[in-house]
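Novice: Handing over run-v3.cif, mmCIF, C-alpha atoms and all ligand atoms.
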```cif
data_protein
loop_
_atom_site.group_PDB
_atom_site.id
_atom_site.type_symbol
_atom_site.label_atom_id
_atom_site.label_comp_id
_atom_site.auth_asym_id
_atom_site.auth_seq_id
_atom_site.Cartn_x
_atom_site.Cartn_y
_atom_site.Cartn_z
ATOM 1 C CA MET D 249 7.752 25.638 13.279
ATOM 2 C CA LYS D 250 7.281 25.742 9.514
ATOM 3 C CA HIS D 251 11.004 26.148 9.119
ATOM 4 C CA LEU D 252 11.690 23.087 11.287
ATOM 5 C CA LEU D 253 9.344 20.957 9.193
ATOM 6 C CA LYS D 254 11.092 22.052 6.022
ATOM 7 C CA THR D 255 14.455 21.133 7.521
ATOM 8 C CA ALA D 256 13.137 17.727 8.556
ATOM 9 C CA ALA D 257 11.821 17.121 5.052
ATOM 10 C CA LEU D 258 15.139 18.112 3.550
ATOM 11 C CA LEU D 259 17.066 15.783 5.872
ATOM 12 C CA THR D 260 14.737 12.907 4.970
ATOM 13 C CA PHE D 261 15.352 13.610 1.319
ATOM 14 C CA LEU D 262 19.109 13.675 1.796
ATOM 15 C CA SER D 263 19.111 10.370 3.671
ATOM 16 C CA PHE D 264 18.273 8.518 0.452
ATOM 17 C CA PRO D 265 21.293 7.370 -1.508
ATOM 18 C CA VAL D 266 22.101 9.839 -4.247
ATOM 19 C CA TYR D 267 23.407 8.530 -7.556
ATOM 20 C CA ALA D 268 24.957 10.850 -10.095
ATOM 21 C CA GLU D 269 24.184 8.077 -12.539
ATOM 22 C CA GLY D 270 22.910 4.590 -12.078
ATOM 23 C CA PRO D 271 19.808 3.069 -10.606
ATOM 24 C CA THR D 272 16.980 5.136 -9.166
ATOM 25 C CA PRO D 273 16.486 4.146 -5.524
ATOM 26 C CA SER D 274 13.141 2.629 -4.586
ATOM 27 C CA ASN D 275 11.434 2.333 -1.267
ATOM 28 C CA PRO D 276 12.444 -1.288 -0.620
ATOM 29 C CA ASP D 277 9.192 -1.755 1.319
ATOM 30 C CA ALA D 278 7.028 -0.643 -1.626
ATOM 31 C CA VAL D 279 4.480 -3.190 -2.820
ATOM 32 C CA GLN D 280 3.198 -3.430 -6.392
ATOM 33 C CA TYR D 281 0.260 -5.707 -7.060
ATOM 34 C CA ILE D 282 -2.505 -6.484 -9.519
ATOM 35 C CA ILE D 283 -5.816 -5.485 -7.907
ATOM 36 C CA SER D 284 -7.848 -7.221 -10.585
ATOM 37 C CA PRO D 285 -8.239 -9.657 -12.187
ATOM 38 C CA MET D 286 -7.611 -12.064 -9.326
ATOM 39 C CA ASP D 287 -4.989 -14.769 -9.669
ATOM 40 C CA GLY D 288 -6.696 -17.788 -11.243
ATOM 41 C CA ALA D 289 -9.681 -15.791 -12.550
ATOM 42 C CA THR D 290 -11.521 -16.619 -15.762
ATOM 43 C CA VAL D 291 -12.275 -13.442 -17.715
ATOM 44 C CA SER D 292 -13.253 -12.232 -21.169
ATOM 45 C CA SER D 293 -11.216 -9.960 -23.435
ATOM 46 C CA PRO D 294 -10.602 -7.057 -23.314
ATOM 47 C CA VAL D 295 -9.517 -7.548 -19.709
ATOM 48 C CA LYS D 296 -9.657 -4.621 -17.314
ATOM 49 C CA VAL D 297 -6.373 -4.768 -15.374
ATOM 50 C CA GLN D 298 -6.083 -2.549 -12.293
ATOM 51 C CA PHE D 299 -2.645 -1.664 -10.976
ATOM 52 C CA GLY D 300 -1.872 -1.309 -7.269
ATOM 53 C CA LEU D 301 1.117 0.372 -5.642
ATOM 54 C CA GLN D 302 1.830 1.120 -1.996
ATOM 55 C CA GLY D 303 4.843 2.889 -0.550
ATOM 56 C CA MET D 304 5.748 4.826 -3.709
ATOM 57 C CA GLY D 305 4.000 7.235 -6.052
ATOM 58 C CA ILE D 306 3.137 7.379 -9.737
ATOM 59 C CA ALA D 307 4.669 9.928 -12.113
ATOM 60 C CA PRO D 308 4.476 9.994 -15.903
ATOM 61 C CA ALA D 309 7.440 8.779 -17.950
ATOM 62 C CA GLY D 310 10.045 11.499 -18.365
ATOM 63 C CA VAL D 311 9.255 13.104 -15.009
ATOM 64 C CA GLU D 312 12.151 12.554 -12.620
ATOM 65 C CA LYS D 313 10.742 12.679 -9.101
ATOM 66 C CA GLU D 314 11.947 10.897 -5.958
ATOM 67 C CA MET D 315 10.175 7.665 -5.028
ATOM 68 C CA THR D 316 7.956 7.527 -8.112
ATOM 69 C CA GLY D 317 7.643 5.469 -11.260
ATOM 70 C CA HIS D 318 5.112 4.188 -13.784
ATOM 71 C CA HIS D 319 3.558 0.793 -14.308
ATOM 72 C CA HIS D 320 4.609 -1.748 -16.942
ATOM 73 C CA LEU D 321 2.541 -4.824 -17.694
ATOM 74 C CA VAL D 322 4.520 -7.932 -18.621
ATOM 75 C CA ILE D 323 2.379 -10.488 -20.457
ATOM 76 C CA ASP D 324 3.241 -14.177 -20.911
ATOM 77 C CA SER D 325 6.914 -13.576 -20.183
ATOM 78 C CA ALA D 326 9.242 -15.158 -17.649
ATOM 79 C CA PRO D 327 9.108 -13.537 -14.210
ATOM 80 C CA PHE D 328 10.991 -10.332 -14.727
ATOM 81 C CA GLY D 329 14.722 -10.725 -14.186
ATOM 82 C CA ALA D 330 14.536 -14.452 -13.471
ATOM 83 C CA ASP D 331 15.904 -15.338 -16.882
ATOM 84 C CA ASP D 332 18.347 -12.426 -17.071
ATOM 85 C CA PRO D 333 19.396 -10.634 -13.866
ATOM 86 C CA GLU D 334 21.116 -7.961 -15.970
ATOM 87 C CA ALA D 335 17.773 -7.040 -17.532
ATOM 88 C CA VAL D 336 16.600 -5.256 -14.378
ATOM 89 C CA LYS D 337 19.395 -2.735 -14.851
ATOM 90 C CA MET D 338 18.212 -1.667 -18.308
ATOM 91 C CA ALA D 339 15.139 0.113 -19.633
ATOM 92 C CA LEU D 340 12.209 -2.219 -20.126
ATOM 93 C CA PRO D 341 11.553 -3.128 -23.742
ATOM 94 C CA ALA D 342 8.420 -1.763 -25.379
ATOM 95 C CA ASP D 343 6.656 -4.484 -27.345
ATOM 96 C CA GLU D 344 3.443 -6.479 -27.287
ATOM 97 C CA THR D 345 4.492 -8.340 -24.120
ATOM 98 C CA HIS D 346 5.897 -5.290 -22.256
ATOM 99 C CA ILE D 347 3.329 -2.512 -22.186
ATOM 100 C CA HIS D 348 4.286 0.901 -20.784
ATOM 101 C CA TYR D 349 1.760 3.075 -18.975
ATOM 102 C CA GLY D 350 3.888 6.197 -19.202
ATOM 103 C CA GLY D 351 0.931 8.480 -18.772
ATOM 104 C CA GLY D 352 0.732 7.382 -15.160
ATOM 105 C CA GLN D 353 -2.317 5.171 -15.720
ATOM 106 C CA SER D 354 -3.533 2.980 -12.862
ATOM 107 C CA GLU D 355 -5.657 0.650 -15.006
ATOM 108 C CA ALA D 356 -5.946 -0.480 -18.608
ATOM 109 C CA MET D 357 -8.091 -2.522 -20.962
ATOM 110 C CA VAL D 358 -5.884 -5.282 -22.375
ATOM 111 C CA GLU D 359 -6.742 -7.401 -25.423
ATOM 112 C CA LEU D 360 -5.815 -11.036 -24.863
ATOM 113 C CA ALA D 361 -6.433 -14.087 -27.047
ATOM 114 C CA PRO D 362 -8.484 -16.944 -25.566
ATOM 115 C CA GLY D 363 -6.360 -19.235 -23.395
ATOM 116 C CA THR D 364 -4.154 -19.036 -20.331
ATOM 117 C CA HIS D 365 -1.991 -15.975 -19.756
ATOM 118 C CA THR D 366 0.379 -14.696 -17.104
ATOM 119 C CA LEU D 367 0.484 -11.061 -16.008
ATOM 120 C CA GLN D 368 3.063 -9.209 -13.947
ATOM 121 C CA LEU D 369 3.601 -5.546 -13.112
ATOM 122 C CA VAL D 370 7.053 -3.983 -13.002
ATOM 123 C CA LEU D 371 7.660 -0.424 -11.820
ATOM 124 C CA GLY D 372 9.988 1.630 -13.990
ATOM 125 C CA ASP D 373 11.509 5.021 -13.245
ATOM 126 C CA TRP D 374 11.233 8.133 -15.463
ATOM 127 C CA SER D 375 13.504 6.400 -18.006
ATOM 128 C CA HIS D 376 11.589 3.063 -17.943
ATOM 129 C CA THR D 377 14.339 1.388 -15.905
ATOM 130 C CA PRO D 378 13.544 -0.689 -12.797
ATOM 131 C CA HIS D 379 14.481 0.870 -9.485
ATOM 132 C CA GLU D 380 17.115 -0.459 -7.081
ATOM 133 C CA PRO D 381 15.906 -2.707 -5.546
ATOM 134 C CA PRO D 382 13.392 -3.436 -8.333
ATOM 135 C CA ILE D 383 9.681 -3.203 -7.491
ATOM 136 C CA MET D 384 7.413 -5.743 -9.175
ATOM 137 C CA SER D 385 4.230 -7.651 -8.518
ATOM 138 C CA LYS D 386 3.885 -11.383 -8.228
ATOM 139 C CA VAL D 387 2.959 -13.184 -11.431
ATOM 140 C CA ILE D 388 -0.715 -14.043 -11.774
ATOM 141 C CA THR D 389 -2.272 -16.550 -14.153
ATOM 142 C CA ILE D 390 -5.663 -15.915 -15.763
ATOM 143 C CA THR D 391 -7.795 -17.728 -18.306
ATOM 144 C CA VAL D 392 -9.427 -15.775 -21.123
ATOM 145 C CA GLU D 393 -12.591 -17.401 -22.478
HETATM 146 CU CU CU C 401 7.986 2.785 -19.298
#
```
Any chance you could put this one into structure tokens?
Specialist:
Amino acid sequence: MKHLLKTAALLTFLSFPVYAEGPTPSNPDAVQYIISPMDGATVSSPVKVQFGLQGMGIAPAGVEKEMTGHHHLVIDSAPFGADDPEAVKMALPADETHIHYGGGQSEAMVELAPGTHTLQLVLGDWSHTPHEPPIMSKVITITVE
């Protein structure tokens, strides 16, 4: 019986597309979302942002493991890929508007200036590159007092 289960697991693994190089496959049904703050919320800085992910797992940057990735927070930037479809095929930049949580964090305290801000999560693979198809949250808008 144990042997049969192992075989089943192996067959499941092999049914995913295998790329020698190129995009890391995602679970196309995976859902990434911002648990808090809520869309439209008024908050004070630093803002505790909680990251949600269903249908895939979290692994630290540099760890290549099937169906995993780490969270990236995109602040005040155009919805990811909308302005440049090619961008989803490259590693996410690391700057003040693209924050990597390569330790596998599921929440963070984020310093934001007073005013209106947009937040979006994008899942990146071990090499900080979006999966195929890319997994990302919807964009939320918050107001920092
Ligand atoms: Cu990253």
Novice: Could you list the protein, DNA and RNA residues that have any atom within 7 Å of ligand CU 401 (chain C), counting only C-alpha atoms and all ligand atoms, and write them as number ranges by chain?
Specialist: D: 309, 318-320, 340, 348-350, 372, 375-376
Novice: Figure out the distance between atom CA of Gly288 of chain D and atom CA of Gly305 of chain D, please, to one decimal in Å.
Specialist: 27.7 Å
Novice: Find the residue from D:Asp332, D:Asp343, D:Asp287, D:Asp324 that sits nearest to Ile388 of chain D; use only C-alpha atoms when measuring.
Specialist: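 Nearest to Ile388 of chain D: D:Asp287.
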Novice: What residues come out when you apply the PyMOL selection byres (((chain D and resi 289-297) around 10) and not hetatm) to this file, written as a tab-separated table (two decimals) with C-alpha atoms, in the frame of the given file?
Specialist:
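Full text of out_5.tsv as output:
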```tsv
chain	number	residue	atom	x	y	z
D	282	ILE	CA	-2.50	-6.48	-9.52
D	283	ILE	CA	-5.82	-5.48	-7.91
D	284	SER	CA	-7.85	-7.22	-10.58
D	285	PRO	CA	-8.24	-9.66	-12.19
D	286	MET	CA	-7.61	-12.06	-9.33
D	287	ASP	CA	-4.99	-14.77	-9.67
D	288	GLY	CA	-6.70	-17.79	-11.24
D	298	GLN	CA	-6.08	-2.55	-12.29
D	299	PHE	CA	-2.64	-1.66	-10.98
D	300	GLY	CA	-1.87	-1.31	-7.27
D	321	LEU	CA	2.54	-4.82	-17.69
D	354	SER	CA	-3.53	2.98	-12.86
D	355	GLU	CA	-5.66	0.65	-15.01
D	356	ALA	CA	-5.95	-0.48	-18.61
D	357	MET	CA	-8.09	-2.52	-20.96
D	358	VAL	CA	-5.88	-5.28	-22.38
D	359	GLU	CA	-6.74	-7.40	-25.42
D	360	LEU	CA	-5.82	-11.04	-24.86
D	361	ALA	CA	-6.43	-14.09	-27.05
D	362	PRO	CA	-8.48	-16.94	-25.57
D	363	GLY	CA	-6.36	-19.24	-23.40
D	364	THR	CA	-4.15	-19.04	-20.33
D	367	LEU	CA	0.48	-11.06	-16.01
D	388	ILE	CA	-0.72	-14.04	-11.77
D	389	THR	CA	-2.27	-16.55	-14.15
D	390	ILE	CA	-5.66	-15.92	-15.76
D	391	THR	CA	-7.80	-17.73	-18.31
D	392	VAL	CA	-9.43	-15.78	-21.12
D	393	GLU	CA	-12.59	-17.40	-22.48
```
Novice: Which one is closest to Thr345 of chain D: D:Gln280, D:Ala326, D:Gly317, D:Gly303? Count all atoms listed in the file.
Specialist: D:Ala326
Novice: Counting all atoms listed in the file, find the residues whose atoms lie at most 7 Å from (10.5, 5.7, -6.2) (file coordinates) and write them out as a ChimeraX atom specification.
Specialist: /D:273-275,304-305,314-317
Novice: Could you tell me which of D:Ala335, D:Asp277, D:Pro308, D:Val387 comes closest to Thr366 of chain D if we count only C-alpha atoms?
Specialist: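 Smallest separation from Thr366 of chain D among the options: D:Val387.
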Novice: Could you tell me how far atom CA of Lys313 of chain D sits from atom CA of Ser325 of chain D, in Å to one decimal place?
Specialist: 28.8 Å
Novice: Please measure the separation of atom CA of Glu344 of chain D and atom CA of Pro276 of chain D, giving the value in Å to one decimal.
Specialist: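 These two atoms are separated by 28.6 Å.
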Novice: Would you pick out the contacts of Met338 of chain D at 12 Å or less, using all atoms listed in the file, so that residues sharing its chain but fewer than 6 positions from it are not included, and give the list as a ChimeraX atom specification?
Specialist: /D:270-272,328-329,332,372-373,375-380,382
Novice: For Ser385 of chain D, find every residue with an atom within 8 Å (counting only C-alpha atoms), except residues of its own chain fewer than 4 positions away, and show them as JSON, numbers by chain.
Specialist: {"D": [279, 280, 281, 282, 368, 369, 370]}
